[in-house]
There are 2 protein chains.
Amino acid sequence: MITIKEIAKLANVSPGTVDRVIHNRDGVSEKTADRIKVILKEHNFKVNRIAQSLAMKKKYTIAVLLPHYDEEDSFWKAPLEGIEKAKEEVRSFGVVVETFSFDQKNSSSYIKSFEQLLKTKPQGVVLVPTFKQETRRLTNILLQENIPFVFLNIALSGYGNLSFIGQDSFKSGYLSGKLMQLCLNEGDDILTIHSRSNLSNFNNISQRTKGFDCYFKENGLKNTNHYIEIEDFWDTKKVKVSIEMALKSIPKIRGIFVPNSRSYIIADHINDYRDKVPFLIGFDLTEHNAQALVDDRITFLISQKPFQQGYRAINSLSKFLLYSTPPATEILSSIEIVTKENIPDYRQKEHAIFL
Amino acid sequence: MITIKEIAKLANVSPGTVDRVIHNRDGVSEKTADRIKVILKEHNFKVNRIAQSLAMKKKYTIAVLLPHYDEEDSFWKAPLEGIEKAKEEVRSFGVVVETFSFDQKNSSSYIKSFEQLLKTKPQGVVLVPTFKQETRRLTNILLQENIPFVFLNIALSGYGNLSFIGQDSFKSGYLSGKLMQLCLNEGDDILTIHSRSNLSNFNNISQRTKGFDCYFKENGLKNTNHYIEIEDFWDTKKVKVSIEMALKSIPKIRGIFVPNSRSYIIADHINDYRDKVPFLIGFDLTEHNAQALVDDRITFLISQKPFQQGYRAINSLSKFLLYSTPPATEILSSIEIVTKENIPDYRQKEHAIFL
DNA sequence: CTGAAAGCGCTTACAG
DNA sequence: CTGAAAGCGCTTACAG
C-alpha cells in the first residue's frame with residue numbers, strides 16, 4: 001500500500017498538497033493537481049481509513065431514541081444490543097453513541113426523552129418513530145437544526161429521514177401466508193389474532209396482515225381467514241376465553257396467525273386444541289417466542305434480524321458522518337424463517353463485524 | 001475517552017510505562033504498575049484500536065485457497081465476494097489478503113495452488129479442505145511452519161485447524177426433512193437425487209442426507225425416501241432419463257430432495273411432472289437456483305450464507321493475527337430458509353460491516 | 001525500572 | 001498556490 005508521503009515524493013510536492021488533491025480541496029494549481037492525479041491512479045492509491053480517522057480527530061455524537069423493553073414484550077432488547085455492539089466499534093473512530101428510551105404506550109415520554117436527547121447536541125439521530133404526530137414535531141426540529149436522522153424499524157415516509165432501517169412488513173406477511181398455505185389443506189380456515197393494545201406498532205402489524213391476506217387473494221386460495229381482536233394480551237383470562245370461543249364456533253380453523261411479537265401468549269392458550277389447530281405462525285424471535293418454538297407450540301416465527309437493524313442504524317449513520325457516504329434510502333433486513341430446527345445458537349454471540 | 005497520555009499524567013509516569021502496564025509487559029515495578037492499574041480501571045480506559053493498529057505497523061498476509069467457480073456450479077462465487085469485502089476492510093489494518101483457487105475435481109491443482117500460496121509467506125491461511133489426504137499433507141506443512149489456518153465450508157476434524165467457518169450440514173438436512181414433511185401428506189414418497197460427480201464436496205452432502213433421513217426416522221414418519229444417483233448432472237439426457245424412470249416407476253413420489261447446489265438442473269427436467277411432484281427442496285442460493293425459485297420450480301432452498309462465511313474467515317483470522325484473540329472453534333452460519341417470497345434483494349449489496 | 005523521542009499515515013492550521 | 005510542522009493515540013527501540 002502506497003502512502004501519501006511516497007506519492008508526494010514521486011510528484012515532487014509535499015504531503016499536504018497530495019492530500020488536497022485527494023480530497024478535491026482547492027488551492028492547488030491545475031497543473032500539479034493533474035500530475036498528482038495521474039500518479040495516484042497509477043499506483044492505485046487508497047487512503048488508509050484508520051490513519052485518516054486518527055488524524056481528523058473529529059468527535060461525533062449519535063443519539064438514539066427507542067422504546068424500552070419489558071417482560072411482556074422484549075422485542076426491543078435485540079436492537080439495543082446491536083446498537084451497543086456498534087457503539088463499541090465506532091468508539092475508536094471518535095463516534096459516541098447515547099441511548100434514550102421511552103414507553104411505547106406513552107407519547108409524552110417519547111417527547112420527553114427526545115428533549116433529553118437534544119441536550120447531547122447530537123450530529124446524528126436514530127429514531128423509532130412510534131407516534132406519527134409527535135414524530136412530525138420532532139423531525140421538524142431535527143430538520144431545522146440540520147441534524148440528519150434515520151428511522152429504525154418503523155417505516156414512515158415523508159418525514160425527511162436519511163434512511164429507513166427495518167424490514168418490509170408487507171412482504172413478511174405475504175411470506176407468512178405462503179408458509180401457512182403450505183401447512184394447510186384446501187378446506188381449512190385460519191384465525192388471525194390482533195392485539196388492541198399494540199397501536200404504537202400499528203404500521204408494521206397492519207402491513208403484515210395485509211401481506212398475509214394478499215397472498216391468499218393473489219393465489220386464488222379459498223381458506224377463510226377469521227379475525228379476532230384481543231384488548232390486552234396480558235389479560236390471561238380474556239385471551240383464553242376469546243380464543244376458545246373462536247375455535248369452538250369455527251371448527252375448520254387449523255392455523256393461527258399472530259402478526260405481532262407475542263404469539264407465545266397465544267401458544268400458551270391453545271394447548272388443549274393442539275390436534276385440531278396444529279399450526280401457529282408468529283413474529284420475532286424473543287426469548288419467550290423462541291421457547292415456544294422449541295417446545296413445538298409455534299410452527300414458524302418470522303424474524304427481522306433486530307440485532308442487525310440496531311447495528312446497521314449506527315453503522316450507516318457513522319459512515320455518513322465520518323465519510324459523507326449517504327446510506328441507502330432503505331436498508332431492509334432479510335425476512336428470516338425460523339423453525340425449531342434452525343433456531344440460531346445463542347451461545348454464538350452475533351458478531352458480524354470487525355474490530 | 002481517556003487517553004494513555006492523560007493516564008500517564010495522572011500517574012506521574014510516561015506514556016511508555018502506561019503502555020507497558022496495559023499490555024502486561026514486564027519491566028515495571030509492581031508498585032507503579034498497581035498504581036497505574038487503579039487509575040486505568042477508575043477511568044475505564046480502553047485502547048483506541050485504530051491508533052494501536054497504526055502504531056504497530058505490523059504487516060500480515062493471509063492466503064486463501066478455495067475452489068474456483070464455473071457456470072455449472074457458481075457456489076464459490078459468494079464466499080469469494082465475502083473474502084474480497086473483508087480484504088478491503090482489513091487493508092487499513094495492515095492485513096493483505098492473497099487468493100488462490102483450484103479445480104475441485106483435480107487434487108493436483110489443489111496441491112499446486114497451495115505451493116503458490118506458500119510463496120506469499122502468509123501468517124495465516126484459509127483453506128477449503130476439499131481432498132482429505134492431500135489436506136493432511138498441506139496442513140502438516142502449515143503446522144510445521146507454525147502458520148495458523150482455518151477451514152472454510154468443509155468441516156474436517158483432527159487437522160489442527162484454528163477454527164471451522166461453515167454450516168452444520170447435518171442440521172440443514174434435518175431442517176429440509178421438516179420442511180418436506182410440512183409439504184407432504186402421509187402416504188407420499190420422496191426422491192433424493194445424488195450426484196456422483198460431486199465427490200469433492202462429499203462431506204457436506206452426505207451429512208445433509210443423513211440429517212434429512214434422521215428427521216423422518218426420529219419423528220416416526222412413514223414416507224419412503226427413494227434414492228437415485230446420477231453420474232453427471234451436466235449430462236442432460238441421462239439426467240432426464242433417470243428422473244423420468246424414477247417418477248414413472250414410483251408414482252407416489254410427491255417431493256424431491258437434492259442435497260447439492262444444482263437443484264436447478266433437476267427442476268428443469270421435471271416440468272412435465274409438476275402436478276404430480278409439486279415440491280422440490282435444494283441447497284444454495286446460486287443465480288441459477290434463485291431463478292428456479294422465483295419461477296416456482298423450486299419450493300425451498302437452504303442457504304448457508306456463503307458471503308458471510310468468506311467474510312468471517314478473513315475477519316476472524318485477522319482478529320487473531322492483530323489482537324491474538326482466538327476465534328471460536330466453530331463459527332456456524334445460520335441455516336437460512338429461502339422461498340420465492342423472501343429471496344434476498346440483490347440490488348442491496350451485502351454490507352454487514354464497517355469502514 | 002523508567003522516560004524521551006520517533007514514527008505509523010493522514011490532516012490541519014499557519015506561514016510564506 | 002505550496003510547504004513545513006504539529007498532532008491524532010498509540011508503540012517501540014534506545015538511552016540511562
# chains A, B, ... in the order shown; residues from 1 in each chain; ligands from 1
call {"tool": "interface_residues", "arguments": {"of": "chain C", "to": "chain B", "cutoff": "7 Å", "atoms": "only C-alpha atoms (C1' of nucleotides)", "output": "list in words"}}
result
DC1, DG3 and DC8 of chain C
call {"tool": "write_last_selection", "arguments": {"atoms": "C-alpha atoms (C1' of nucleotides)", "output": "compact mmCIF listing (two decimals), in the first residue's frame"}}
result
# COMPACT_ATOMS: atom_id res chain seq x y z
C1' DC C 1 12.78 0.07 36.14
C1' DG C 3 11.46 8.28 30.17
C1' DC C 8 2.60 4.81 11.95
call {"tool": "residues_around", "arguments": {"residues": "DA13 (chain C)", "least_positions_apart": "3", "cutoff": "12 Å", "atoms": "only C-alpha atoms (C1' of nucleotides)", "output": "PyMOL selection string"}}
result
(chain A and resi 16) or (chain D and resi 4-7)
call {"tool": "write_last_selection", "arguments": {"atoms": "all heavy atoms", "output": "PDB file, in the first residue's frame"}}
result
ATOM      1  N   GLY A  16       0.995  17.524   2.100  1.00  0.00           N
ATOM      2  CA  GLY A  16      -0.178  18.384   2.211  1.00  0.00           C
ATOM      3  C   GLY A  16      -0.844  18.602   0.871  1.00  0.00           C
ATOM      4  O   GLY A  16      -2.078  18.544   0.757  1.00  0.00           O
TER       5      GLY A  16
ATOM      6  P    DA D   4       9.107  21.709   2.751  1.00  0.00           P
ATOM      7  OP1  DA D   4      10.468  21.714   2.185  1.00  0.00           O
ATOM      8  OP2  DA D   4       8.311  20.469   2.744  1.00  0.00           O
ATOM      9  O5'  DA D   4       9.146  22.270   4.242  1.00  0.00           O
ATOM     10  C5'  DA D   4       8.807  23.640   4.490  1.00  0.00           C
ATOM     11  C4'  DA D   4       8.665  23.847   5.981  1.00  0.00           C
ATOM     12  O4'  DA D   4       7.258  23.881   6.303  1.00  0.00           O
ATOM     13  C3'  DA D   4       9.235  22.727   6.854  1.00  0.00           C
ATOM     14  O3'  DA D   4       9.562  23.295   8.118  1.00  0.00           O
ATOM     15  C2'  DA D   4       8.090  21.733   6.918  1.00  0.00           C
ATOM     16  C1'  DA D   4       6.884  22.670   6.972  1.00  0.00           C
ATOM     17  N9   DA D   4       5.694  22.153   6.293  1.00  0.00           N
ATOM     18  C8   DA D   4       5.594  21.270   5.245  1.00  0.00           C
ATOM     19  N7   DA D   4       4.368  21.017   4.860  1.00  0.00           N
ATOM     20  C5   DA D   4       3.605  21.811   5.705  1.00  0.00           C
ATOM     21  C6   DA D   4       2.230  22.008   5.808  1.00  0.00           C
ATOM     22  N6   DA D   4       1.331  21.403   5.014  1.00  0.00           N
ATOM     23  N1   DA D   4       1.800  22.855   6.748  1.00  0.00           N
ATOM     24  C2   DA D   4       2.705  23.469   7.540  1.00  0.00           C
ATOM     25  N3   DA D   4       4.024  23.370   7.543  1.00  0.00           N
ATOM     26  C4   DA D   4       4.404  22.507   6.587  1.00  0.00           C
ATOM     27  P    DA D   5      10.035  22.343   9.309  1.00  0.00           P
ATOM     28  OP1  DA D   5      11.067  23.111  10.035  1.00  0.00           O
ATOM     29  OP2  DA D   5      10.319  20.977   8.811  1.00  0.00           O
ATOM     30  O5'  DA D   5       8.719  22.288  10.205  1.00  0.00           O
ATOM     31  C5'  DA D   5       7.989  23.501  10.438  1.00  0.00           C
ATOM     32  C4'  DA D   5       6.897  23.233  11.447  1.00  0.00           C
ATOM     33  O4'  DA D   5       5.715  22.742  10.782  1.00  0.00           O
ATOM     34  C3'  DA D   5       7.252  22.168  12.482  1.00  0.00           C
ATOM     35  O3'  DA D   5       6.645  22.508  13.713  1.00  0.00           O
ATOM     36  C2'  DA D   5       6.661  20.895  11.881  1.00  0.00           C
ATOM     37  C1'  DA D   5       5.376  21.460  11.277  1.00  0.00           C
ATOM     38  N9   DA D   5       4.821  20.700  10.160  1.00  0.00           N
ATOM     39  C8   DA D   5       5.474  19.907   9.253  1.00  0.00           C
ATOM     40  N7   DA D   5       4.682  19.360   8.352  1.00  0.00           N
ATOM     41  C5   DA D   5       3.422  19.831   8.696  1.00  0.00           C
ATOM     42  C6   DA D   5       2.154  19.632   8.144  1.00  0.00           C
ATOM     43  N6   DA D   5       1.932  18.857   7.068  1.00  0.00           N
ATOM     44  N1   DA D   5       1.111  20.254   8.720  1.00  0.00           N
ATOM     45  C2   DA D   5       1.341  21.028   9.797  1.00  0.00           C
ATOM     46  N3   DA D   5       2.492  21.294  10.422  1.00  0.00           N
ATOM     47  C4   DA D   5       3.498  20.659   9.804  1.00  0.00           C
ATOM     48  P    DA D   6       6.994  21.768  15.059  1.00  0.00           P
ATOM     49  OP1  DA D   6       7.717  22.742  15.891  1.00  0.00           O
ATOM     50  OP2  DA D   6       7.603  20.453  14.741  1.00  0.00           O
ATOM     51  O5'  DA D   6       5.555  21.533  15.680  1.00  0.00           O
ATOM     52  C5'  DA D   6       4.487  22.448  15.379  1.00  0.00           C
ATOM     53  C4'  DA D   6       3.178  21.732  15.601  1.00  0.00           C
ATOM     54  O4'  DA D   6       2.786  21.035  14.389  1.00  0.00           O
ATOM     55  C3'  DA D   6       3.236  20.662  16.701  1.00  0.00           C
ATOM     56  O3'  DA D   6       2.044  20.737  17.452  1.00  0.00           O
ATOM     57  C2'  DA D   6       3.343  19.353  15.918  1.00  0.00           C
ATOM     58  C1'  DA D   6       2.487  19.686  14.702  1.00  0.00           C
ATOM     59  N9   DA D   6       2.751  18.885  13.515  1.00  0.00           N
ATOM     60  C8   DA D   6       3.945  18.362  13.071  1.00  0.00           C
ATOM     61  N7   DA D   6       3.844  17.684  11.948  1.00  0.00           N
ATOM     62  C5   DA D   6       2.495  17.768  11.636  1.00  0.00           C
ATOM     63  C6   DA D   6       1.739  17.258  10.565  1.00  0.00           C
ATOM     64  N6   DA D   6       2.257  16.533   9.568  1.00  0.00           N
ATOM     65  N1   DA D   6       0.418  17.527  10.559  1.00  0.00           N
ATOM     66  C2   DA D   6      -0.107  18.243  11.559  1.00  0.00           C
ATOM     67  N3   DA D   6       0.501  18.778  12.618  1.00  0.00           N
ATOM     68  C4   DA D   6       1.809  18.499  12.589  1.00  0.00           C
ATOM     69  P    DG D   7       1.908  19.969  18.834  1.00  0.00           P
ATOM     70  OP1  DG D   7       1.473  20.962  19.829  1.00  0.00           O
ATOM     71  OP2  DG D   7       3.121  19.153  19.046  1.00  0.00           O
ATOM     72  O5'  DG D   7       0.714  18.969  18.549  1.00  0.00           O
ATOM     73  C5'  DG D   7      -0.461  19.432  17.869  1.00  0.00           C
ATOM     74  C4'  DG D   7      -1.218  18.234  17.384  1.00  0.00           C
ATOM     75  O4'  DG D   7      -0.629  17.791  16.130  1.00  0.00           O
ATOM     76  C3'  DG D   7      -1.132  17.035  18.347  1.00  0.00           C
ATOM     77  O3'  DG D   7      -2.429  16.595  18.666  1.00  0.00           O
ATOM     78  C2'  DG D   7      -0.356  15.991  17.569  1.00  0.00           C
ATOM     79  C1'  DG D   7      -0.642  16.387  16.127  1.00  0.00           C
ATOM     80  N9   DG D   7       0.344  15.913  15.177  1.00  0.00           N
ATOM     81  C8   DG D   7       1.712  15.913  15.297  1.00  0.00           C
ATOM     82  N7   DG D   7       2.319  15.389  14.263  1.00  0.00           N
ATOM     83  C5   DG D   7       1.278  15.017  13.416  1.00  0.00           C
ATOM     84  C6   DG D   7       1.305  14.401  12.146  1.00  0.00           C
ATOM     85  O6   DG D   7       2.286  14.030  11.489  1.00  0.00           O
ATOM     86  N1   DG D   7       0.021  14.199  11.640  1.00  0.00           N
ATOM     87  C2   DG D   7      -1.129  14.562  12.272  1.00  0.00           C
ATOM     88  N2   DG D   7      -2.256  14.289  11.635  1.00  0.00           N
ATOM     89  N3   DG D   7      -1.181  15.142  13.463  1.00  0.00           N
ATOM     90  C4   DG D   7       0.055  15.337  13.970  1.00  0.00           C
TER      91       DG D   7
END
call {"tool": "select_by_dssp", "arguments": {"residues": "region 41-151 of chain B", "states": "strand (DSSP E or B)", "output": "ChimeraX atom specification"}}
result
/B:60-67,95-102,124-127,149-151
call {"tool": "write_last_selection", "arguments": {"atoms": "N, CA, C and O atoms", "output": "CSV table (one decimal), in the first residue's frame"}}
result
chain,number,residue,atom,x,y,z
B,60,TYR,N,0.6,-8.2,7.9
B,60,TYR,CA,0.3,-9.6,7.9
B,60,TYR,C,-0.3,-10.0,6.5
B,60,TYR,O,-0.9,-9.2,5.8
B,61,THR,N,0.1,-11.2,6.1
B,61,THR,CA,-0.5,-11.7,4.8
B,61,THR,C,-1.4,-12.9,5.2
B,61,THR,O,-0.9,-13.8,5.9
B,62,ILE,N,-2.6,-12.9,4.7
B,62,ILE,CA,-3.5,-14.0,4.8
B,62,ILE,C,-3.7,-14.6,3.4
B,62,ILE,O,-4.0,-13.9,2.5
B,63,ALA,N,-3.4,-15.9,3.3
B,63,ALA,CA,-3.6,-16.5,2.0
B,63,ALA,C,-4.8,-17.4,2.0
B,63,ALA,O,-5.0,-18.1,3.0
B,64,VAL,N,-5.5,-17.4,0.9
B,64,VAL,CA,-6.8,-18.2,0.8
B,64,VAL,C,-6.7,-19.1,-0.3
B,64,VAL,O,-6.3,-18.8,-1.4
B,65,LEU,N,-7.2,-20.3,-0.1
B,65,LEU,CA,-7.2,-21.4,-1.1
B,65,LEU,C,-8.6,-21.9,-1.2
B,65,LEU,O,-9.1,-22.6,-0.3
B,66,LEU,N,-9.3,-21.6,-2.3
B,66,LEU,CA,-10.7,-22.1,-2.5
B,66,LEU,C,-10.9,-22.5,-3.9
B,66,LEU,O,-10.2,-22.1,-4.8
B,67,PRO,N,-11.9,-23.3,-4.1
B,67,PRO,CA,-12.2,-23.8,-5.5
B,67,PRO,C,-12.7,-22.6,-6.3
B,67,PRO,O,-13.3,-21.7,-5.9
B,95,VAL,N,-3.4,-5.7,6.9
B,95,VAL,CA,-3.6,-7.1,6.6
B,95,VAL,C,-3.8,-7.2,5.1
B,95,VAL,O,-4.7,-6.6,4.5
B,96,VAL,N,-2.9,-8.0,4.4
B,96,VAL,CA,-3.1,-8.2,3.0
B,96,VAL,C,-3.6,-9.6,2.7
B,96,VAL,O,-3.2,-10.6,3.4
B,97,VAL,N,-4.6,-9.7,1.8
B,97,VAL,CA,-5.2,-11.0,1.5
B,97,VAL,C,-4.8,-11.4,0.1
B,97,VAL,O,-5.0,-10.6,-0.8
B,98,GLU,N,-4.3,-12.6,0.0
B,98,GLU,CA,-4.0,-13.2,-1.3
B,98,GLU,C,-4.8,-14.4,-1.6
B,98,GLU,O,-4.9,-15.3,-0.8
B,99,THR,N,-5.5,-14.4,-2.7
B,99,THR,CA,-6.4,-15.5,-3.0
B,99,THR,C,-5.9,-16.5,-4.1
B,99,THR,O,-5.3,-16.0,-5.1
B,100,PHE,N,-6.0,-17.7,-3.9
B,100,PHE,CA,-5.6,-18.7,-4.8
B,100,PHE,C,-6.8,-19.7,-5.0
B,100,PHE,O,-7.5,-20.0,-4.1
B,101,SER,N,-6.9,-20.2,-6.3
B,101,SER,CA,-8.0,-21.1,-6.5
B,101,SER,C,-7.6,-22.4,-7.2
B,101,SER,O,-6.5,-22.5,-7.7
B,102,PHE,N,-8.4,-23.4,-7.1
B,102,PHE,CA,-8.1,-24.7,-7.7
B,102,PHE,C,-9.3,-25.3,-8.3
B,102,PHE,O,-10.4,-24.9,-8.0
B,124,GLY,N,-1.2,-16.4,8.0
B,124,GLY,CA,-2.4,-17.1,8.3
B,124,GLY,C,-3.0,-17.7,7.0
B,124,GLY,O,-2.8,-17.1,5.9
B,125,VAL,N,-3.7,-18.8,7.0
B,125,VAL,CA,-4.2,-19.4,5.8
B,125,VAL,C,-5.7,-19.8,6.0
B,125,VAL,O,-6.1,-20.3,7.0
B,126,VAL,N,-6.5,-19.5,5.0
B,126,VAL,CA,-7.9,-20.0,4.9
B,126,VAL,C,-7.9,-21.1,3.9
B,126,VAL,O,-7.5,-20.9,2.7
B,127,LEU,N,-8.5,-22.2,4.2
B,127,LEU,CA,-8.4,-23.4,3.4
B,127,LEU,C,-9.8,-24.0,3.2
B,127,LEU,O,-10.5,-24.2,4.2
B,149,PHE,N,-4.3,-21.8,10.6
B,149,PHE,CA,-5.2,-21.9,9.5
B,149,PHE,C,-6.6,-22.2,9.9
B,149,PHE,O,-6.8,-22.8,10.9
B,150,VAL,N,-7.5,-21.8,9.1
B,150,VAL,CA,-8.9,-22.1,9.4
B,150,VAL,C,-9.5,-22.9,8.2
B,150,VAL,O,-9.0,-22.7,7.1
B,151,PHE,N,-10.5,-23.7,8.4
B,151,PHE,CA,-11.2,-24.4,7.4
B,151,PHE,C,-12.4,-23.6,7.0
B,151,PHE,O,-13.2,-23.2,7.9
call {"tool": "atom_distance", "arguments": {"atom1": "CA of Thr224 (chain B)", "atom2": "CA of Gly177 (chain A)"}}
result
28.6 Å
call {"tool": "interface_residues", "arguments": {"of": "chain B", "to": "chain A", "cutoff": "7 Å", "atoms": "only C-alpha atoms", "output": "mmCIF file with C-alpha atoms, in the first residue's frame"}}
result
data_model
loop_
_atom_site.group_PDB
_atom_site.id
_atom_site.type_symbol
_atom_site.label_atom_id
_atom_site.label_comp_id
_atom_site.auth_asym_id
_atom_site.auth_seq_id
_atom_site.Cartn_x
_atom_site.Cartn_y
_atom_site.Cartn_z
ATOM 1 C CA ASN B 48 -8.014 3.070 20.824
ATOM 2 C CA ARG B 49 -7.803 0.216 18.351
ATOM 3 C CA ILE B 50 -7.145 2.330 15.339
ATOM 4 C CA ALA B 51 -4.308 4.255 16.924
ATOM 5 C CA LEU B 54 -1.405 2.461 13.122
ATOM 6 C CA SER B 92 -6.150 -0.356 6.592
ATOM 7 C CA LEU B 175 -34.376 -28.912 8.609
ATOM 8 C CA LEU B 182 -44.798 -30.000 6.128
ATOM 9 C CA CYS B 183 -45.386 -30.098 2.377
ATOM 10 C CA ASN B 315 -12.313 -11.365 9.703
ATOM 11 C CA SER B 334 -27.269 -19.678 10.218
ATOM 12 C CA ILE B 335 -29.313 -22.091 8.174
ATOM 13 C CA ILE B 337 -34.756 -20.998 4.531
ATOM 14 C CA GLU B 341 -41.238 -14.769 -1.161
ATOM 15 C CA ASN B 342 -38.197 -13.931 0.940
ATOM 16 C CA PRO B 344 -32.906 -11.515 -0.731
ATOM 17 C CA ALA B 352 -22.716 -6.287 7.257
ATOM 18 C CA ILE B 353 -19.763 -4.217 8.127
ATOM 19 C CA PHE B 354 -17.891 -1.103 8.973
#
call {"tool": "atom_distance", "arguments": {"atom1": "CA of Val128 (chain B)", "atom2": "CA of Gly310 (chain B)"}}
result
10.5 Å
call {"tool": "residues_around", "arguments": {"residues": "Glu229 (chain A)", "least_positions_apart": "2", "cutoff": "10 Å", "atoms": "only C-alpha atoms (C1' of nucleotides)", "output": "list in words"}}
result
Thr192, Ile193, His194, Ser195, Arg196, Ser197, Tyr227, Glu231, Asp232, Phe233, Val239, Ser242 and Ile243 of chain A
call {"tool": "select_by_dssp", "arguments": {"residues": "region 32-96 of chain A", "states": "alpha helix (DSSP H)", "output": "ChimeraX atom specification"}}
result
/A:32-42,49-56,77-91
call {"tool": "atom_distance", "arguments": {"atom1": "CA of Phe170 (chain B)", "atom2": "CA of Cys214 (chain B)"}}
result
9.0 Å
call {"tool": "decode", "arguments": {"residues": "chain C", "atoms": "C-alpha atoms (C1' of nucleotides)", "output": "PDB file, in the first residue's frame"}}
result
ATOM      1  C1'  DC C   1      12.785   0.072  36.141  1.00  0.00           C
ATOM      2  C1'  DT C   2      11.631   4.428  33.538  1.00  0.00           C
ATOM      3  C1'  DG C   3      11.462   8.278  30.166  1.00  0.00           C
ATOM      4  C1'  DA C   4      12.182  10.875  25.817  1.00  0.00           C
ATOM      5  C1'  DA C   5      11.859  10.603  21.135  1.00  0.00           C
ATOM      6  C1'  DA C   6      10.490   8.990  16.781  1.00  0.00           C
ATOM      7  C1'  DG C   7       7.132   7.152  13.954  1.00  0.00           C
ATOM      8  C1'  DC C   8       2.601   4.806  11.950  1.00  0.00           C
ATOM      9  C1'  DG C   9      -0.389   7.613   7.595  1.00  0.00           C
ATOM     10  C1'  DC C  10      -3.030  11.108   7.442  1.00  0.00           C
ATOM     11  C1'  DT C  11      -4.953  16.149   8.244  1.00  0.00           C
ATOM     12  C1'  DT C  12      -4.804  20.859   9.520  1.00  0.00           C
ATOM     13  C1'  DA C  13      -3.753  25.366  10.707  1.00  0.00           C
ATOM     14  C1'  DC C  14      -0.115  28.537   9.672  1.00  0.00           C
ATOM     15  C1'  DA C  15       3.370  30.904   7.170  1.00  0.00           C
ATOM     16  C1'  DG C  16       5.058  32.458   3.025  1.00  0.00           C
TER      17       DG C  16
END
